[in-house]
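Undergrad: Sending over a structure as structure tokens; questions will come in a sec.
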Amino acid sequence: MPPNSSCVDRVPDLYRFARPLLWALPPERAHELTLRALAAGFAGAAAAPDPPILAQSLWGLHFPNPLGLAAGFDKDGRVPDAVLRLGFGFTEVGTVTPLPQPGNPRPRVFRLAADGALINRLGFNSGGLDAAVARLGARRRNGIVGVNLGKNRDSTDAVADYALGVRRAAPLADYLVINISSPNTPGLRDLQARAALDALVTAVMAARRQSGRLVPLLVKIAPDLGPEECADIAAIAKDREVDGIVIGNTTTARPPELKSPEAQEAGGLSGRPLFARSTAVLADLYRLTGGTIPLVGVGGVASAEDAYAKIRAGASLVQLYTGLVFAGPALIGRIKAGLAALLRRDGFASVGEAVGADHRSSASRACATTCPAAQP
Ligand SMILES: Cc1cc2nc3c(=O)[nH]c(=O)nc-3n(C[C@H](O)[C@H](O)[C@H](O)COP(=O)(O)O)c2cc1C
């Protein structure tokens, strides 16, 4: 436990009692019950304001703290305000597809209890844009809500799907994410290739102009990219003035250390085994973009130390999902308290000062994984 972490508020840890009950259910049933509890206001709220050291401004938005809920938890925008009340600094609704679609057959979410991980092959189950836009339009806007956009599985024009999502969601979202990295929609990750990504980004930027609202536009990439793909994405993001990159989605890799029998299920792996890989790709993207584009670090965050490592590697914001399934909402307060203590311990006056600190403190820190170093 980091020093001084006890002075920041905690959500009472009722999840200790709720988790055995929820985990006795199939994962998707448990998830549906959780969404209903949140919608009914049963989940509680953070008691005290965030420590000022965690606040920062990005894209003209004030983030009270850098910890957000990752996409996939609230796919249809049913509970953004309840999620924010838990203490997250922001939340990301989606992935929303233009038309409603059921996703893949069940079972399609698996707990890897011994590994602190999940595997999902949901395949963009979505209530569709109309429903999500109606819900988001009905809320009193208070707190930062991003909208993560996808394409329909059977669509023959991916670019048109994303452009439609941008036009419809831009008026209601604080930021938008073009999700081209889910492993569960055939062909989706091909949109990360240089020519395809360039065409897609150009089209969604045009759609944003048509929407009349210059909402920040981010792309979400996979943690499974090789060196050239990383370099291409960084180059396009810089050339086309993409506002941010989310790194990253679930992985199709199966690290050999996985112990759970469910490890061989098809789909995207999230949680603890994803941390090292996704943080290494994050660090590489920070280097490749020269720290000029805000990055969102996501993958395996389950503690204050994990969040701090993402920030030092180059993340301006951090998201989590799987950690919440294992530890419950008390984790949010623990991470914020611990992160504030770690920042103070290392002499930072604000979280923004720590972003990318690892790249400055050790010139000799080698490229962690895959990507060639950027030439500033
Ligand atoms: C059950 C589940 C569903 C997900 N659905 C989406 C999704 O719809 N869109 C998306 O961009 N990411 C989705 N993700 C990926 C997460 O947003 C996140 O990138 C990934 O899980 C890594 O973070 P974590 O290790 O903290 O879970 C999903 C993850 C899980 C576990």
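Each chain in the structure tokens gets a letter, A, B and so on, in the order shown; residues start at 1 in every chain, and ligands are counted from 1 in the order they appear.
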Do a neighbour search on Thr185 (chain A) at 10 Å with only C-alpha atoms, toss out local chain neighbours closer than 3 positions, and write the hits as a list in words.
TA: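 In the requested format, the answer is Gly103, Asn104, Arg121, Leu122, Gly123, Phe124, Gly150, Lys151, Asn152, Arg153, Asp154, Ile180, Ser181, Ser182, Leu188 and Arg189 of chain A.
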Undergrad: Would you write out those residues with N, CA, C and O atoms, as an mmCIF file, in the first residue's frame?
TA:
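Below you can see selection-v9.cif, which holds the result:
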data_model
loop_
_atom_site.group_PDB
_atom_site.id
_atom_site.type_symbol
_atom_site.label_atom_id
_atom_site.label_comp_id
_atom_site.auth_asym_id
_atom_site.auth_seq_id
_atom_site.Cartn_x
_atom_site.Cartn_y
_atom_site.Cartn_z
ATOM 1 N N GLY A 103 -24.765 -9.771 -31.358
ATOM 2 C CA GLY A 103 -23.447 -10.307 -30.996
ATOM 3 C C GLY A 103 -23.401 -11.814 -31.194
ATOM 4 O O GLY A 103 -24.293 -12.412 -31.804
ATOM 5 N N ASN A 104 -22.340 -12.423 -30.667
ATOM 6 C CA ASN A 104 -22.109 -13.862 -30.868
ATOM 7 C C ASN A 104 -22.988 -14.702 -29.942
ATOM 8 O O ASN A 104 -23.497 -14.194 -28.932
ATOM 9 N N ARG A 121 -15.859 -12.856 -26.139
ATOM 10 C CA ARG A 121 -16.059 -12.836 -27.597
ATOM 11 C C ARG A 121 -17.489 -12.361 -27.869
ATOM 12 O O ARG A 121 -18.255 -12.998 -28.578
ATOM 13 N N LEU A 122 -17.829 -11.241 -27.212
ATOM 14 C CA LEU A 122 -19.202 -10.730 -27.302
ATOM 15 C C LEU A 122 -19.566 -10.401 -28.747
ATOM 16 O O LEU A 122 -20.688 -10.660 -29.185
ATOM 17 N N GLY A 123 -18.630 -9.791 -29.480
ATOM 18 C CA GLY A 123 -18.903 -9.485 -30.886
ATOM 19 C C GLY A 123 -19.825 -8.298 -31.079
ATOM 20 O O GLY A 123 -20.722 -8.328 -31.920
ATOM 21 N N PHE A 124 -19.583 -7.232 -30.289
ATOM 22 C CA PHE A 124 -20.357 -5.987 -30.448
ATOM 23 C C PHE A 124 -21.858 -6.226 -30.309
ATOM 24 O O PHE A 124 -22.649 -5.836 -31.175
ATOM 25 N N GLY A 150 -18.468 1.606 -33.239
ATOM 26 C CA GLY A 150 -18.053 0.441 -34.010
ATOM 27 C C GLY A 150 -18.820 0.341 -35.315
ATOM 28 O O GLY A 150 -19.545 1.264 -35.700
ATOM 29 N N LYS A 151 -18.635 -0.778 -35.958
ATOM 30 C CA LYS A 151 -19.376 -1.044 -37.204
ATOM 31 C C LYS A 151 -20.205 -2.308 -37.022
ATOM 32 O O LYS A 151 -19.868 -3.171 -36.203
ATOM 33 N N ASN A 152 -21.279 -2.406 -37.790
ATOM 34 C CA ASN A 152 -22.084 -3.628 -37.754
ATOM 35 C C ASN A 152 -21.329 -4.778 -38.395
ATOM 36 O O ASN A 152 -20.606 -4.597 -39.381
ATOM 37 N N ARG A 153 -21.552 -5.963 -37.841
ATOM 38 C CA ARG A 153 -20.849 -7.147 -38.340
ATOM 39 C C ARG A 153 -21.095 -7.361 -39.841
ATOM 40 O O ARG A 153 -20.183 -7.675 -40.590
ATOM 41 N N ASP A 154 -22.340 -7.174 -40.279
ATOM 42 C CA ASP A 154 -22.676 -7.461 -41.672
ATOM 43 C C ASP A 154 -22.538 -6.244 -42.580
ATOM 44 O O ASP A 154 -22.906 -6.312 -43.767
ATOM 45 N N ILE A 180 -11.215 0.261 -33.596
ATOM 46 C CA ILE A 180 -10.820 -0.595 -34.727
ATOM 47 C C ILE A 180 -10.005 -1.781 -34.224
ATOM 48 O O ILE A 180 -9.179 -2.331 -34.939
ATOM 49 N N SER A 181 -10.261 -2.183 -32.975
ATOM 50 C CA SER A 181 -9.368 -3.171 -32.373
ATOM 51 C C SER A 181 -10.069 -4.307 -31.646
ATOM 52 O O SER A 181 -9.397 -5.107 -31.009
ATOM 53 N N SER A 182 -11.399 -4.385 -31.722
ATOM 54 C CA SER A 182 -12.030 -5.560 -31.130
ATOM 55 C C SER A 182 -11.622 -6.789 -31.927
ATOM 56 O O SER A 182 -11.691 -6.773 -33.161
ATOM 57 N N LEU A 188 -12.162 -6.415 -38.491
ATOM 58 C CA LEU A 188 -12.119 -5.075 -37.887
ATOM 59 C C LEU A 188 -10.680 -4.580 -37.722
ATOM 60 O O LEU A 188 -10.358 -3.433 -38.033
ATOM 61 N N ARG A 189 -9.816 -5.470 -37.235
ATOM 62 C CA ARG A 189 -8.444 -5.034 -36.951
ATOM 63 C C ARG A 189 -7.668 -4.679 -38.225
ATOM 64 O O ARG A 189 -6.642 -4.008 -38.137
#
Undergrad: All residues within 7 Å of ligand 1 are required, counting only C-alpha atoms and all ligand atoms; please report them as number ranges by chain.
TA: A: 70-73, 75, 94-95, 109, 118-120, 122, 124, 148, 179, 182, 220, 248-250, 270-272, 274-275, 298-301, 319-323
Undergrad: Write out, as an mmCIF file, in the first residue's frame, the residues just selected, with N, CA and C atoms.
TA:
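Produced file part.cif, reproduced below:
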data_model
loop_
_atom_site.group_PDB
_atom_site.id
_atom_site.type_symbol
_atom_site.label_atom_id
_atom_site.label_comp_id
_atom_site.auth_asym_id
_atom_site.auth_seq_id
_atom_site.Cartn_x
_atom_site.Cartn_y
_atom_site.Cartn_z
ATOM 1 N N ALA A 70 -13.482 1.705 -18.748
ATOM 2 C CA ALA A 70 -13.226 1.380 -20.158
ATOM 3 C C ALA A 70 -14.512 0.974 -20.873
ATOM 4 N N ALA A 71 -14.473 1.040 -22.190
ATOM 5 C CA ALA A 71 -15.622 0.642 -23.013
ATOM 6 C C ALA A 71 -15.933 -0.834 -22.797
ATOM 7 N N GLY A 72 -17.207 -1.166 -23.004
ATOM 8 C CA GLY A 72 -17.638 -2.557 -22.921
ATOM 9 C C GLY A 72 -18.455 -2.851 -21.689
ATOM 10 N N PHE A 73 -18.280 -2.047 -20.636
ATOM 11 C CA PHE A 73 -19.058 -2.255 -19.409
ATOM 12 C C PHE A 73 -20.480 -1.728 -19.604
ATOM 13 N N LYS A 75 -22.256 -0.738 -22.535
ATOM 14 C CA LYS A 75 -22.237 -0.681 -24.010
ATOM 15 C C LYS A 75 -23.323 0.221 -24.572
ATOM 16 N N GLY A 94 -20.303 2.316 -24.857
ATOM 17 C CA GLY A 94 -20.081 1.614 -26.123
ATOM 18 C C GLY A 94 -19.292 0.329 -25.902
ATOM 19 N N THR A 95 -18.987 -0.328 -26.974
ATOM 20 C CA THR A 95 -19.060 0.071 -28.364
ATOM 21 C C THR A 95 -20.515 0.067 -28.858
ATOM 22 N N VAL A 109 -18.539 -14.901 -22.520
ATOM 23 C CA VAL A 109 -17.656 -14.241 -21.548
ATOM 24 C C VAL A 109 -17.225 -15.296 -20.533
ATOM 25 N N LEU A 118 -10.228 -12.022 -17.864
ATOM 26 C CA LEU A 118 -11.463 -12.437 -18.538
ATOM 27 C C LEU A 118 -11.127 -12.730 -19.993
ATOM 28 N N ILE A 119 -11.936 -13.572 -20.606
ATOM 29 C CA ILE A 119 -11.929 -13.673 -22.071
ATOM 30 C C ILE A 119 -13.349 -13.371 -22.530
ATOM 31 N N ASN A 120 -13.473 -12.482 -23.527
ATOM 32 C CA ASN A 120 -14.809 -12.262 -24.088
ATOM 33 C C ASN A 120 -14.757 -12.347 -25.606
ATOM 34 N N LEU A 122 -17.829 -11.241 -27.212
ATOM 35 C CA LEU A 122 -19.202 -10.730 -27.302
ATOM 36 C C LEU A 122 -19.566 -10.401 -28.747
ATOM 37 N N PHE A 124 -19.583 -7.232 -30.289
ATOM 38 C CA PHE A 124 -20.357 -5.987 -30.448
ATOM 39 C C PHE A 124 -21.858 -6.226 -30.309
ATOM 40 N N ASN A 148 -17.833 5.272 -27.615
ATOM 41 C CA ASN A 148 -16.972 4.400 -28.403
ATOM 42 C C ASN A 148 -17.812 3.798 -29.539
ATOM 43 N N ASN A 179 -13.313 2.607 -32.583
ATOM 44 C CA ASN A 179 -12.786 1.322 -32.118
ATOM 45 C C ASN A 179 -12.497 0.421 -33.315
ATOM 46 N N SER A 182 -11.399 -4.385 -31.722
ATOM 47 C CA SER A 182 -12.030 -5.560 -31.130
ATOM 48 C C SER A 182 -11.622 -6.789 -31.927
ATOM 49 N N LYS A 220 -8.918 3.657 -30.971
ATOM 50 C CA LYS A 220 -8.540 2.618 -29.999
ATOM 51 C C LYS A 220 -7.888 1.465 -30.737
ATOM 52 N N GLY A 248 -4.786 -0.339 -24.816
ATOM 53 C CA GLY A 248 -5.434 -0.812 -25.995
ATOM 54 C C GLY A 248 -6.591 -1.725 -25.620
ATOM 55 N N ASN A 249 -7.005 -2.426 -26.608
ATOM 56 C CA ASN A 249 -8.117 -3.360 -26.468
ATOM 57 C C ASN A 249 -7.632 -4.694 -25.863
ATOM 58 N N THR A 250 -8.471 -5.690 -25.918
ATOM 59 C CA THR A 250 -8.082 -7.011 -25.422
ATOM 60 C C THR A 250 -7.091 -7.658 -26.401
ATOM 61 N N SER A 270 -8.434 -10.016 -21.306
ATOM 62 C CA SER A 270 -8.244 -8.749 -20.589
ATOM 63 C C SER A 270 -7.772 -9.046 -19.182
ATOM 64 N N GLY A 271 -7.362 -7.986 -18.470
ATOM 65 C CA GLY A 271 -6.965 -8.152 -17.078
ATOM 66 C C GLY A 271 -5.462 -8.289 -16.902
ATOM 67 N N ARG A 272 -5.083 -8.841 -15.746
ATOM 68 C CA ARG A 272 -3.680 -8.831 -15.322
ATOM 69 C C ARG A 272 -2.685 -9.305 -16.382
ATOM 70 N N LEU A 274 -2.583 -8.894 -19.341
ATOM 71 C CA LEU A 274 -2.480 -7.936 -20.441
ATOM 72 C C LEU A 274 -1.635 -6.725 -20.051
ATOM 73 N N PHE A 275 -1.358 -6.588 -18.767
ATOM 74 C CA PHE A 275 -0.761 -5.336 -18.298
ATOM 75 C C PHE A 275 0.596 -5.030 -18.955
ATOM 76 N N VAL A 298 -4.829 1.548 -21.083
ATOM 77 C CA VAL A 298 -5.816 0.578 -20.573
ATOM 78 C C VAL A 298 -5.318 -0.832 -20.841
ATOM 79 N N GLY A 299 -5.514 -1.680 -19.855
ATOM 80 C CA GLY A 299 -5.080 -3.073 -19.974
ATOM 81 C C GLY A 299 -4.451 -3.538 -18.673
ATOM 82 N N GLY A 300 -5.213 -4.288 -17.892
ATOM 83 C CA GLY A 300 -4.651 -4.926 -16.706
ATOM 84 C C GLY A 300 -4.436 -4.042 -15.503
ATOM 85 N N VAL A 301 -5.065 -2.881 -15.454
ATOM 86 C CA VAL A 301 -4.877 -2.010 -14.278
ATOM 87 C C VAL A 301 -5.708 -2.556 -13.112
ATOM 88 N N GLN A 319 -7.689 3.762 -17.998
ATOM 89 C CA GLN A 319 -9.002 3.116 -17.874
ATOM 90 C C GLN A 319 -8.829 1.693 -17.356
ATOM 91 N N LEU A 320 -9.921 1.171 -16.813
ATOM 92 C CA LEU A 320 -9.935 -0.242 -16.435
ATOM 93 C C LEU A 320 -11.334 -0.802 -16.609
ATOM 94 N N TYR A 321 -11.398 -2.112 -16.704
ATOM 95 C CA TYR A 321 -12.671 -2.831 -16.708
ATOM 96 C C TYR A 321 -12.516 -4.095 -15.857
ATOM 97 N N THR A 322 -11.626 -4.997 -16.272
ATOM 98 C CA THR A 322 -11.535 -6.300 -15.620
ATOM 99 C C THR A 322 -11.204 -6.186 -14.130
ATOM 100 N N GLY A 323 -10.366 -5.234 -13.770
ATOM 101 C CA GLY A 323 -10.025 -5.034 -12.352
ATOM 102 C C GLY A 323 -11.259 -4.802 -11.504
#
Undergrad: Tyr308 (chain A): which residues within 10 Å, counting only C-alpha atoms, same-chain residues fewer than 5 positions away excluded, as an NGL selection string?
TA: :A and (301 or 303 or 313-315 or 318 or 335-336 or 338-340 or 342-343 or 351 or 354-355)
Undergrad: Those residues you just picked out, can you put them in a file as a compact mmCIF listing (two decimals), in the first residue's frame with N, CA and C atoms?
TA:
# COMPACT_ATOMS: atom_id res chain seq x y z
N VAL A 301 -5.07 -2.88 -15.45
CA VAL A 301 -4.88 -2.01 -14.28
C VAL A 301 -5.71 -2.56 -13.11
N SER A 303 -4.38 -1.73 -9.62
CA SER A 303 -3.84 -1.11 -8.41
C SER A 303 -3.36 0.30 -8.74
N ALA A 313 4.53 5.75 -18.18
CA ALA A 313 4.87 5.24 -19.52
C ALA A 313 4.33 6.15 -20.62
N GLY A 314 3.40 7.05 -20.28
CA GLY A 314 2.92 8.00 -21.29
C GLY A 314 1.43 8.24 -21.34
N ALA A 315 0.68 7.62 -20.43
CA ALA A 315 -0.78 7.80 -20.46
C ALA A 315 -1.18 9.08 -19.72
N VAL A 318 -6.13 6.90 -17.69
CA VAL A 318 -6.04 5.46 -17.50
C VAL A 318 -7.47 4.92 -17.42
N ILE A 335 -7.31 3.19 -5.84
CA ILE A 335 -6.37 3.62 -6.89
C ILE A 335 -6.14 5.12 -6.81
N LYS A 336 -7.20 5.89 -6.62
CA LYS A 336 -7.02 7.35 -6.59
C LYS A 336 -6.18 7.75 -5.39
N GLY A 338 -4.02 5.93 -3.68
CA GLY A 338 -2.65 5.45 -3.85
C GLY A 338 -1.90 6.25 -4.89
N LEU A 339 -2.60 6.61 -5.95
CA LEU A 339 -1.95 7.38 -7.02
C LEU A 339 -1.55 8.76 -6.52
N ALA A 340 -2.43 9.40 -5.78
CA ALA A 340 -2.09 10.72 -5.23
C ALA A 340 -0.85 10.61 -4.34
N LEU A 342 1.55 8.33 -4.48
CA LEU A 342 2.74 8.03 -5.28
C LEU A 342 3.25 9.29 -6.00
N LEU A 343 2.32 10.12 -6.48
CA LEU A 343 2.72 11.36 -7.14
C LEU A 343 3.44 12.28 -6.15
N VAL A 351 -0.80 15.36 -11.67
CA VAL A 351 -0.70 14.13 -12.45
C VAL A 351 -0.14 14.41 -13.84
N ALA A 354 3.53 13.99 -14.35
CA ALA A 354 4.11 12.63 -14.34
C ALA A 354 3.94 11.90 -15.66
N VAL A 355 3.11 12.45 -16.55
CA VAL A 355 2.84 11.76 -17.81
C VAL A 355 4.13 11.61 -18.62
Undergrad: Tell me, which residues of region 209-265 of chain A carry DSSP strand (DSSP E or B), written as a PyMOL selection string?
TA: chain A and resi 217-221+244-247+251
Undergrad: Using Å and a single decimal, report how far CA of Pro329 (chain A) sits from CA of Arg345 (chain A).
TA: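 CA of Pro329 (chain A) lies 25.1 Å from CA of Arg345 (chain A).
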Undergrad: Please identify all polymer residues within 12 Å of region 156-161 of chain A, counting only C-alpha atoms, omitting same-chain residues fewer than 3 positions from it, and present them as a ChimeraX atom specification.
TA: /A:96-99,128-129,149-153,164-168,178-180,185-191,196-207
Undergrad: Write to file, as a PDB file, in the first residue's frame, the residues of the selection just made, with C-alpha atoms.
TA:
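The result, written out as part-v5.pdb:
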ATOM      1  CA  VAL A  96     -22.217   1.272 -30.138  1.00  0.00           C
ATOM      2  CA  THR A  97     -22.914  -0.025 -33.655  1.00  0.00           C
ATOM      3  CA  PRO A  98     -25.173   1.866 -36.089  1.00  0.00           C
ATOM      4  CA  LEU A  99     -27.896  -0.812 -36.104  1.00  0.00           C
ATOM      5  CA  GLY A 128     -27.696   0.456 -31.775  1.00  0.00           C
ATOM      6  CA  LEU A 129     -27.107   4.161 -32.233  1.00  0.00           C
ATOM      7  CA  LEU A 149     -18.118   3.627 -31.948  1.00  0.00           C
ATOM      8  CA  GLY A 150     -18.053   0.441 -34.010  1.00  0.00           C
ATOM      9  CA  LYS A 151     -19.376  -1.044 -37.204  1.00  0.00           C
ATOM     10  CA  ASN A 152     -22.084  -3.628 -37.754  1.00  0.00           C
ATOM     11  CA  ARG A 153     -20.849  -7.147 -38.340  1.00  0.00           C
ATOM     12  CA  LEU A 164     -22.578   7.810 -39.204  1.00  0.00           C
ATOM     13  CA  GLY A 165     -21.647   7.120 -35.589  1.00  0.00           C
ATOM     14  CA  VAL A 166     -19.568  10.286 -35.460  1.00  0.00           C
ATOM     15  CA  ARG A 167     -22.337  12.454 -36.942  1.00  0.00           C
ATOM     16  CA  ARG A 168     -24.956  11.058 -34.549  1.00  0.00           C
ATOM     17  CA  ILE A 178     -13.140   4.928 -33.216  1.00  0.00           C
ATOM     18  CA  ASN A 179     -12.786   1.322 -32.118  1.00  0.00           C
ATOM     19  CA  ILE A 180     -10.820  -0.595 -34.727  1.00  0.00           C
ATOM     20  CA  THR A 185     -15.664  -8.676 -35.363  1.00  0.00           C
ATOM     21  CA  PRO A 186     -14.117 -10.308 -38.433  1.00  0.00           C
ATOM     22  CA  GLY A 187     -11.849  -7.953 -40.369  1.00  0.00           C
ATOM     23  CA  LEU A 188     -12.119  -5.075 -37.887  1.00  0.00           C
ATOM     24  CA  ARG A 189      -8.444  -5.034 -36.951  1.00  0.00           C
ATOM     25  CA  ASP A 190      -7.505  -4.756 -40.632  1.00  0.00           C
ATOM     26  CA  LEU A 191      -8.638  -1.142 -40.362  1.00  0.00           C
ATOM     27  CA  ALA A 196      -7.216   1.700 -44.422  1.00  0.00           C
ATOM     28  CA  LEU A 197      -6.621   3.753 -41.288  1.00  0.00           C
ATOM     29  CA  ASP A 198      -5.700   6.853 -43.239  1.00  0.00           C
ATOM     30  CA  ALA A 199      -8.921   6.625 -45.272  1.00  0.00           C
ATOM     31  CA  LEU A 200     -10.999   5.946 -42.164  1.00  0.00           C
ATOM     32  CA  VAL A 201      -9.520   8.806 -40.154  1.00  0.00           C
ATOM     33  CA  THR A 202      -9.972  11.196 -43.064  1.00  0.00           C
ATOM     34  CA  ALA A 203     -13.639  10.185 -43.366  1.00  0.00           C
ATOM     35  CA  VAL A 204     -14.445  10.434 -39.661  1.00  0.00           C
ATOM     36  CA  MET A 205     -12.754  13.832 -39.438  1.00  0.00           C
ATOM     37  CA  ALA A 206     -14.988  15.002 -42.290  1.00  0.00           C
ATOM     38  CA  ALA A 207     -18.033  13.559 -40.518  1.00  0.00           C
TER      39      ALA A 207
END
Undergrad: For each of A:Gly297, A:Pro64, A:Pro49, A:Pro105, take the minimum atom-to-atom distance to Glu28 (chain A), counting only C-alpha atoms, then give the residue where this is smallest.
TA: A:Pro105
Undergrad: Compare A:Asn142, A:Gln101, A:Thr251, A:Thr91 by their minimum atom-to-atom distance to Ala276 (chain A), counting only C-alpha atoms, and give me the closest one.
TA: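 Closest to Ala276 (chain A), using only C-alpha atoms: A:Thr251.
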Undergrad: Which residue gives the smallest distance to Ala169 (chain A) among A:Pro27, A:Gly291, A:Gly226, A:Gly212, with only C-alpha atoms counted?
TA: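 Among A:Pro27, A:Gly291, A:Gly226, A:Gly212, it is A:Gly212 that comes nearest to Ala169 (chain A).
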Undergrad: Out of A:Leu61, A:Gly68, A:Val281, A:Ala195, which residue has the shortest atom-to-atom distance to Tyr175 (chain A) when counting only C-alpha atoms?
TA: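 When distances to Tyr175 (chain A) are compared using only C-alpha atoms, the smallest one comes from A:Leu61.
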Undergrad: Using only C-alpha atoms for the distances, tell me which of A:Ser211, A:Ala280, A:Pro26, A:Tyr286 is nearest to Arg360 (chain A).
TA: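 The answer is A:Tyr286, which sits nearest to Arg360 (chain A).
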Undergrad: How close does each residue of region 286-373 of chain A get to region 235-247 of chain A, giving the shortest atom pair and distance in Å to one decimal for every residue with an atom at most 7 Å away, counting only C-alpha atoms, sorted by chain and residue number, as CSV?
TA:
residue,atom,partner,partner_atom,distance
A:Thr289,CA,A:Lys238,CA,7.0
A:Ile293,CA,A:Gly244,CA,5.6
A:Pro294,CA,A:Gly244,CA,4.9
A:Leu295,CA,A:Ile245,CA,5.0
A:Val296,CA,A:Val246,CA,4.5
A:Gly297,CA,A:Ile247,CA,5.3
A:Val298,CA,A:Ile247,CA,5.8
Undergrad: Taking only region 226-302 of chain A into account, list the residues labelled helix (DSSP H, G or I) by DSSP (computed from the backbone), as a ChimeraX atom specification.
TA: /A:227-239,261-264,272-288
Undergrad: Hey, can you check how far CA of Glu353 (chain A) sits from CA of Ser57 (chain A)?
TA: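 For CA of Glu353 (chain A) relative to CA of Ser57 (chain A), the distance reads 12.1 Å.
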Undergrad: Record the distance separating CA of Val219 (chain A) and CA of Val145 (chain A), expressed in Å with one decimal.
TA: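 Result for CA of Val219 (chain A) versus CA of Val145 (chain A): 15.7 Å, one decimal.
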